[in-house]
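This report concerns only the one structure given below.
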Amino acid sequence: MSTLVGMQLSGRYRLDAQIGAGGMSTVYRAFDQNLERRVAIKLLHREMQGDSDQLERFRREARAVAQLSHPHVVGVIDTGEDDNRPYIVFEYVEGETLKDRIRRLGRLPVDESLAYAIEIARALGSAHAHDIVHRDVKPQNVLLDPEGSAKVTDFGIARSLRDDGLTADGRVLGTTDYVSPEQALGHDVDGQSDIYSLGVVLFEMLTGDVPFHGENQIAVAMKHVREDLPDIQVLRPDVSATTAAVLDRMTDKDLSHRYPDVPALIADLEDALAIEAARSGTSTGEATAVIRTLPARTQRRLPFRMRHSIPLLAVLALVGVAVTIIVIVAGDVPERVVDRGTGAGRVESTPQGTRTVSVPRGSAQDYDPLGDEEEHGEEANRVVDRDDGTSWTTETYEAGIEGAGKEGVGIYVDARPEVEAVQIQVKTPKPGFKATIYAAPAGPVPKSVPEGWTKVGGGTVKDKDQRFKLDTGGESFRYYLVWITDLGDADSAAISEIRLFQEVPRR
Ligand code: 3AM
């Protein structure tokens with residue numbers, strides 16, 4: 001192949017260096033002499049030339065990919081044929097592949113991993129909308145440009161694994177590290193297969209390694225068919241339950257449980273990124289750029305200062321100083337809400353000898369283990385947004401919760417790492433429902449009630465501002481669940497705020 005270096009394709013593209021080789025083609029760094037710029041050229045292997053099926057496929061897919069114009073897809077500039085050998089001209093991306101980055105740094109920060117996953121998912125979404133399935137999503141096919149943005153390449157050019165991976169005599173050409181179970185079994189694949197592979201890429205970013213190893217590629221492929229991925233929260237304990245759940249759903253072997261399409265996946269990845277960023281209070285690398293592109297609905301999960309530019313913050317800081325001075329001069333220092341940097345920090349009455357447990361925005365989750373596992377999840381964080389005007393609501397139960405065949409539905413707050421809460425405040429615009437308060441220790445959220453949960457309090461929510469004393473038996477817990485068991489006269493319940501209080505240690 002190296003003999004081709006120095007050659008000119010179609011009198012225009014000078015091949016300068018071979019930069020990669022795949023099962024059916026070779027990638028060159030080249031120079032476009034007309035436009036005087038660097039390009040990347042993918043040239044079909046000579047052996048493939050006699051294979052009219054493959055030739056036609058390469059041509060057809062090159063045309064299809066050329067229709068994609070997307071910021072996270074490596075752009076196709078031109079296609080052509082030289083001496084009957086088809087080639088595709090791509091924009092040249094200066095930088096490393098995502099695989100190189102993982103090799104160099106090991107596991108990546110959680111928010112950065114999610115940011116790359118979102119960018120790759122956006123690229124896949126655009127391809128799927130054009131009926132192009134990538135079929136070979138892997139970090140080797142994700143280029144990181146000098147700004148840090150991810151660009152997916154090799155779209156639709158890879159053949160199905162049956163043709164390209166496991167050959168008739170069992171020889172393996174491509175990697176099966178990212179292969180979906182259905183692809184490994186040689187079934188027809190669609191966009192859901194790309195979602196699985198992207199899930200494996202996300203797993204690798206979070207852990208620094210692929211989930212399965214084996215003696216050969218076939219053994220690895222069979223693990224994708226038979227074995228669950230290792231538990232991400234065991235390997236990477238700082239990953240939130242939300243992110244872990246998204247990863248689980250991306251890599252579910254059962255297609256009816258896996259994300260049905262990329263838009264549904266993107267919405268959850270975006271929420272997960274906002275939650276992780278809100279939890280850590282900072283963002284790193286590409287996450288900072290992706291956070292700016294999140295829809296307003298998702299941005300609301302973020303602390304104020306992460307949503308706004310520095311100059312505005314500087315102005316607000318000055319205003320804050322002025323207000324503090326006025327308050328101090330007036331001789332009325334408000335009680336401070338202990339706040340781990342989630343913004344507003346509104347002044348609220350706090351029971352004597354206690355202080356508010358600070359939970360970040362993004363730390364509330366709907367909980368419906370006996371139903372469809374979904375209870376207006378998109379509204380969950382309204383209970384920790386310090387805004388009484390916004391509420392999370394249950395779904396509508398015309399015949400009551402019992403009538404729906406459930407013992408309850410609820411919402412929990414993640415008071416990470418853990419806390420011994422002595423009181424809970426539940427604010428609601430419409431009192432009258434009954435709730436049991438449960439708590440669970442650090443680790444995965446228990447899958448059902450009461451298993452794994454400890455009852456710590458509860459009763460009827462009679463007031464708009466209801467408080468329940470909690471008895472944790474001296475233990476600390478991470479999750480506090482408001483488990484609604486009876487809606488009273490209403491067909492739904494609403495909660496605008498949940499706050500936990502802990503004792504102030506005596507000196
Ligand atoms: O093997 P490494 O990681 O050095 O970066 C890609 C990878 O490099 C590079 O070709 C190799 C095999 O994919 N590559 C692919 N498309 C590219 C492009 N459009 C590219 N490099 C720059 N621009």
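Going by the structure tokens order, chains are called A, B, ..., each with residues numbered from 1, while ligands are numbered from 1 in the order shown.
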7 Å shell around ligand 1 using only C-alpha atoms and all ligand atoms, listed as a list in words: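 Checking only C-alpha atoms and all ligand atoms against ligand 1 at 7 Å gives Ile19, Gly20, Ala21, Val27, Arg29, Val39, Ala40, Val74, Phe90, Glu91, Tyr92, Val93, Glu94, Glu96, Thr97, Asp100, Gln140, Asn141, Leu143 and Thr153 of chain A.
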Go ahead and dump the residues you just picked, all heavy atoms, as a compact mmCIF listing (two decimals), in the first residue's frame.
```txt
# COMPACT_ATOMS: atom_id res chain seq x y z
N ILE A 19 -2.46 6.85 6.91
CA ILE A 19 -2.70 7.07 8.35
C ILE A 19 -3.56 5.99 8.98
O ILE A 19 -3.73 5.95 10.19
CB ILE A 19 -3.31 8.47 8.63
CG1 ILE A 19 -4.56 8.72 7.80
CG2 ILE A 19 -2.28 9.56 8.42
CD1 ILE A 19 -5.24 10.07 8.10
N GLY A 20 -4.13 5.12 8.18
CA GLY A 20 -4.92 4.05 8.78
C GLY A 20 -5.31 3.03 7.74
O GLY A 20 -5.27 3.31 6.54
N ALA A 21 -5.64 1.83 8.20
CA ALA A 21 -6.09 0.81 7.26
C ALA A 21 -7.18 0.00 7.93
O ALA A 21 -7.07 -0.35 9.11
CB ALA A 21 -4.94 -0.10 6.86
N VAL A 27 -6.80 4.60 4.71
CA VAL A 27 -6.97 6.04 4.86
C VAL A 27 -5.63 6.74 4.67
O VAL A 27 -4.62 6.31 5.24
CB VAL A 27 -7.54 6.40 6.27
CG1 VAL A 27 -7.82 7.89 6.37
CG2 VAL A 27 -8.78 5.60 6.57
N ARG A 29 -3.54 10.58 4.50
CA ARG A 29 -3.53 12.03 4.58
C ARG A 29 -3.15 12.50 3.18
O ARG A 29 -2.23 11.94 2.57
CB ARG A 29 -2.47 12.49 5.60
CG ARG A 29 -2.58 13.96 5.92
CD ARG A 29 -1.49 14.40 6.86
NE ARG A 29 -0.26 14.59 6.08
CZ ARG A 29 0.93 14.15 6.44
NH1 ARG A 29 1.09 13.48 7.56
NH2 ARG A 29 1.99 14.36 5.69
N VAL A 39 -6.53 17.05 3.18
CA VAL A 39 -7.77 16.26 3.25
C VAL A 39 -7.41 14.85 3.70
O VAL A 39 -6.23 14.50 3.77
CB VAL A 39 -8.49 16.18 1.87
CG1 VAL A 39 -9.08 17.52 1.47
CG2 VAL A 39 -7.57 15.62 0.80
N ALA A 40 -8.41 14.05 4.04
CA ALA A 40 -8.18 12.63 4.32
C ALA A 40 -8.90 11.85 3.22
O ALA A 40 -10.01 12.20 2.84
CB ALA A 40 -8.76 12.27 5.68
N VAL A 74 -17.67 13.65 10.49
CA VAL A 74 -16.54 14.07 9.65
C VAL A 74 -17.09 14.25 8.23
O VAL A 74 -17.65 13.32 7.64
CB VAL A 74 -15.41 13.01 9.64
CG1 VAL A 74 -14.30 13.43 8.71
CG2 VAL A 74 -14.87 12.81 11.05
N PHE A 90 -12.50 13.18 2.63
CA PHE A 90 -13.07 13.72 3.87
C PHE A 90 -12.33 14.97 4.30
O PHE A 90 -11.15 15.14 3.96
CB PHE A 90 -12.91 12.71 5.02
CG PHE A 90 -13.72 11.46 4.88
CD1 PHE A 90 -13.17 10.32 4.29
CD2 PHE A 90 -15.02 11.39 5.35
CE1 PHE A 90 -13.92 9.15 4.18
CE2 PHE A 90 -15.76 10.23 5.24
CZ PHE A 90 -15.21 9.11 4.65
N GLU A 91 -13.01 15.78 5.08
CA GLU A 91 -12.29 16.88 5.74
C GLU A 91 -11.21 16.24 6.62
O GLU A 91 -11.41 15.15 7.18
CB GLU A 91 -13.24 17.74 6.58
CG GLU A 91 -13.85 17.00 7.74
CD GLU A 91 -14.66 17.88 8.68
OE1 GLU A 91 -14.10 18.82 9.25
OE2 GLU A 91 -15.86 17.58 8.86
N TYR A 92 -10.09 16.90 6.74
CA TYR A 92 -9.02 16.35 7.58
C TYR A 92 -9.21 16.86 9.00
O TYR A 92 -9.37 18.06 9.22
CB TYR A 92 -7.65 16.79 7.04
CG TYR A 92 -6.51 16.15 7.78
CD1 TYR A 92 -6.10 14.85 7.45
CD2 TYR A 92 -5.88 16.80 8.82
CE1 TYR A 92 -5.07 14.24 8.16
CE2 TYR A 92 -4.85 16.19 9.52
CZ TYR A 92 -4.46 14.91 9.19
OH TYR A 92 -3.46 14.30 9.88
N VAL A 93 -9.22 15.95 9.94
CA VAL A 93 -9.39 16.36 11.34
C VAL A 93 -8.06 16.19 12.06
O VAL A 93 -7.55 15.07 12.20
CB VAL A 93 -10.48 15.52 12.05
CG1 VAL A 93 -10.65 15.97 13.50
CG2 VAL A 93 -11.80 15.61 11.30
N GLU A 94 -7.51 17.30 12.45
CA GLU A 94 -6.23 17.31 13.16
C GLU A 94 -6.52 16.90 14.60
O GLU A 94 -7.39 17.49 15.23
CB GLU A 94 -5.67 18.73 13.13
CG GLU A 94 -4.22 18.87 13.43
CD GLU A 94 -3.38 18.81 12.15
OE1 GLU A 94 -3.73 19.47 11.16
OE2 GLU A 94 -2.39 18.08 12.18
N GLU A 96 -6.57 13.63 17.86
CA GLU A 96 -6.47 12.20 18.17
C GLU A 96 -7.84 11.55 18.09
O GLU A 96 -8.86 12.24 18.05
CB GLU A 96 -5.87 12.00 19.56
CG GLU A 96 -6.69 12.64 20.68
CD GLU A 96 -6.06 12.48 22.06
OE1 GLU A 96 -5.07 11.75 22.20
OE2 GLU A 96 -6.58 13.09 23.00
N THR A 97 -7.85 10.22 18.08
CA THR A 97 -9.14 9.54 18.15
C THR A 97 -9.53 9.41 19.63
O THR A 97 -8.69 9.54 20.53
CB THR A 97 -9.09 8.12 17.55
OG1 THR A 97 -8.26 7.31 18.38
CG2 THR A 97 -8.55 8.11 16.12
N ASP A 100 -7.49 6.81 21.26
CA ASP A 100 -6.15 7.29 21.68
C ASP A 100 -6.26 8.03 23.01
O ASP A 100 -5.41 7.89 23.89
CB ASP A 100 -5.56 8.26 20.65
CG ASP A 100 -5.32 7.61 19.30
OD1 ASP A 100 -5.08 6.39 19.27
OD2 ASP A 100 -5.38 8.32 18.27
N GLN A 140 -12.40 4.27 18.01
CA GLN A 140 -11.43 4.43 16.93
C GLN A 140 -12.03 5.26 15.79
O GLN A 140 -11.32 5.82 14.97
CB GLN A 140 -11.03 3.06 16.34
CG GLN A 140 -10.24 2.17 17.26
CD GLN A 140 -11.11 1.31 18.18
OE1 GLN A 140 -12.23 1.69 18.53
NE2 GLN A 140 -10.60 0.17 18.58
N ASN A 141 -13.36 5.27 15.71
CA ASN A 141 -14.04 6.00 14.64
C ASN A 141 -14.55 7.37 15.10
O ASN A 141 -15.38 7.97 14.43
CB ASN A 141 -15.23 5.18 14.11
CG ASN A 141 -14.77 4.05 13.21
OD1 ASN A 141 -13.67 4.11 12.68
ND2 ASN A 141 -15.59 3.02 13.05
N LEU A 143 -13.17 11.04 16.01
CA LEU A 143 -12.00 11.91 16.00
C LEU A 143 -12.30 13.12 16.87
O LEU A 143 -13.42 13.63 16.87
CB LEU A 143 -11.69 12.38 14.57
CG LEU A 143 -11.54 11.26 13.53
CD1 LEU A 143 -11.25 11.86 12.16
CD2 LEU A 143 -10.41 10.32 13.91
N THR A 153 -16.70 9.25 12.21
CA THR A 153 -16.35 8.94 10.83
C THR A 153 -16.69 7.48 10.53
O THR A 153 -17.19 6.77 11.40
CB THR A 153 -14.87 9.27 10.54
OG1 THR A 153 -14.65 9.12 9.14
CG2 THR A 153 -13.92 8.38 11.31
```
Could you give me, as a tab-separated table, a per-residue list for stretch 73-175 of chain A showing, wherever an atom lies at most 10 Å from an atom of stretch 256-264 of chain A, the closest pair of atoms and their distance in Å to one decimal, using only C-alpha atoms and sorting by chain then residue number from low to high?
```
residue	atom	partner	partner_atom	distance
A:Ile118	CA	A:Val262	CA	9.9
A:Ala121	CA	A:Val262	CA	6.5
A:Arg122	CA	A:Val262	CA	7.7
A:Ala123	CA	A:Val262	CA	9.6
A:Leu124	CA	A:Val262	CA	7.3
A:Gly125	CA	A:Val262	CA	5.4
A:Ser126	CA	A:Val262	CA	9.1
A:His128	CA	A:Val262	CA	8.2
A:Ala129	CA	A:Val262	CA	9.6
```
For the selection just defined, write its residues with N, CA, C and O atoms to a file, as a compact mmCIF listing (two decimals), in the first residue's frame.
```txt
# COMPACT_ATOMS: atom_id res chain seq x y z
N ILE A 118 -23.05 12.45 24.05
CA ILE A 118 -24.11 13.28 23.46
C ILE A 118 -23.72 13.70 22.04
O ILE A 118 -24.53 13.61 21.11
N ALA A 121 -24.03 10.74 19.82
CA ALA A 121 -25.46 10.42 19.63
C ALA A 121 -26.11 11.41 18.65
O ALA A 121 -26.92 11.02 17.81
N ARG A 122 -25.74 12.67 18.77
CA ARG A 122 -26.31 13.66 17.83
C ARG A 122 -25.91 13.32 16.40
O ARG A 122 -26.72 13.43 15.47
N ALA A 123 -24.66 12.91 16.21
CA ALA A 123 -24.21 12.52 14.87
C ALA A 123 -25.00 11.30 14.39
O ALA A 123 -25.47 11.26 13.24
N LEU A 124 -25.18 10.32 15.27
CA LEU A 124 -25.90 9.10 14.88
C LEU A 124 -27.37 9.43 14.56
O LEU A 124 -27.94 8.88 13.63
N GLY A 125 -27.93 10.36 15.34
CA GLY A 125 -29.32 10.75 15.09
C GLY A 125 -29.49 11.32 13.70
O GLY A 125 -30.46 11.00 13.00
N SER A 126 -28.54 12.13 13.30
CA SER A 126 -28.61 12.72 11.96
C SER A 126 -28.49 11.62 10.89
O SER A 126 -29.21 11.61 9.90
N HIS A 128 -29.24 8.36 11.24
CA HIS A 128 -30.43 7.50 11.25
C HIS A 128 -31.58 8.19 10.53
O HIS A 128 -32.38 7.55 9.87
N ALA A 129 -31.66 9.52 10.68
CA ALA A 129 -32.73 10.26 10.00
C ALA A 129 -32.58 10.14 8.48
O ALA A 129 -33.53 10.31 7.74
```
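The shortest atom-to-atom distance to A:Gln18, with only C-alpha atoms taken into account, belongs to A:Gly6 out of A:Pro237, A:Pro360, A:Gly6, A:Pro351.
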Kindly assemble as JSON lines a list of the stretch 190-266 of chain A residues that lie within 9 Å of stretch 271-289 of chain A, each paired with its nearest atom pair and their distance in Å to one decimal, using only C-alpha atoms, sorted first by chain and then by ascending residue number.
```
{"residue": "A:Val239", "atom": "CA", "partner": "A:Glu276", "partner_atom": "CA", "distance": 7.9}
{"residue": "A:Ser240", "atom": "CA", "partner": "A:Glu276", "partner_atom": "CA", "distance": 7.0}
{"residue": "A:Thr242", "atom": "CA", "partner": "A:Ala272", "partner_atom": "CA", "distance": 6.0}
{"residue": "A:Thr243", "atom": "CA", "partner": "A:Ala272", "partner_atom": "CA", "distance": 5.4}
{"residue": "A:Val246", "atom": "CA", "partner": "A:Ala272", "partner_atom": "CA", "distance": 7.9}
{"residue": "A:Ile266", "atom": "CA", "partner": "A:Asp271", "partner_atom": "CA", "distance": 8.5}
```
Using only C-alpha atoms, what table do you get, as CSV, when you list each residue of stretch 64-167 of chain A with an atom no more than 8 Å from stretch 9-15 of chain A, its nearest pair of atoms, and their distance in Å rounded to one decimal, rows by chain then rising number?
```
residue,atom,partner,partner_atom,distance
A:Gly80,CA,A:Ser10,CA,7.7
A:Glu81,CA,A:Ser10,CA,7.3
A:Asp82,CA,A:Ser10,CA,5.7
```
Residues within 10 Å of A:His376, only C-alpha atoms, excluding chain neighbours under 3 positions, as number ranges by chain: A: 365-368, 373, 379-380, 392-395, 411
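Proximity to A:Arg292 was assessed for A:Ala415, A:Ala115, A:Ala244, A:Val89 counting only C-alpha atoms; the smallest distance is recorded for A:Ala115.
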Straight-line distance linking atom CA of A:Phe58 with atom CA of A:Arg85, stated in Å to one decimal: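 Taking atom CA of A:Phe58 and atom CA of A:Arg85, their separation equals 10.2 Å.
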Long-range neighbours of A:Phe477 as a VMD selection string, 8 Å cut-off, only C-alpha atoms, 5 positions minimum in chain: chain A and resid 415 418 to 421 439 to 442
Å distance separating atom CA of A:Gly362 from atom CA of A:Asp465, one decimal place: 21.9 Å
Contact residues around A:Asp228 with only C-alpha atoms at 9 Å, ignoring same-chain residues under 2 positions, as a ChimeraX atom specification: /A:223-226,230-231,251-253
Include N, CA and C atoms and write out the residues we just selected as a compact mmCIF listing (two decimals), in the first residue's frame.
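Dumped everything to selection-v5.txt:
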```txt
# COMPACT_ATOMS: atom_id res chain seq x y z
N LYS A 223 -19.84 -12.97 24.51
CA LYS A 223 -20.13 -12.33 25.81
C LYS A 223 -21.15 -11.21 25.62
N HIS A 224 -21.05 -10.49 24.51
CA HIS A 224 -22.05 -9.44 24.26
C HIS A 224 -23.44 -10.05 24.11
N VAL A 225 -23.48 -11.29 23.62
CA VAL A 225 -24.78 -11.96 23.46
C VAL A 225 -25.30 -12.45 24.80
N ARG A 226 -24.40 -12.98 25.62
CA ARG A 226 -24.85 -13.73 26.82
C ARG A 226 -24.72 -13.00 28.14
N PRO A 230 -20.51 -5.40 33.22
CA PRO A 230 -20.23 -5.23 34.66
C PRO A 230 -20.92 -3.97 35.18
N ASP A 231 -21.26 -3.99 36.48
CA ASP A 231 -21.99 -2.88 37.10
C ASP A 231 -21.11 -1.63 37.12
N THR A 251 -27.51 -0.42 26.76
CA THR A 251 -26.86 -1.70 26.50
C THR A 251 -27.76 -2.89 26.84
N ASP A 252 -29.06 -2.64 26.97
CA ASP A 252 -29.96 -3.76 27.24
C ASP A 252 -29.97 -4.69 26.02
N LYS A 253 -29.87 -5.99 26.27
CA LYS A 253 -29.85 -6.93 25.15
C LYS A 253 -31.23 -7.08 24.54
```
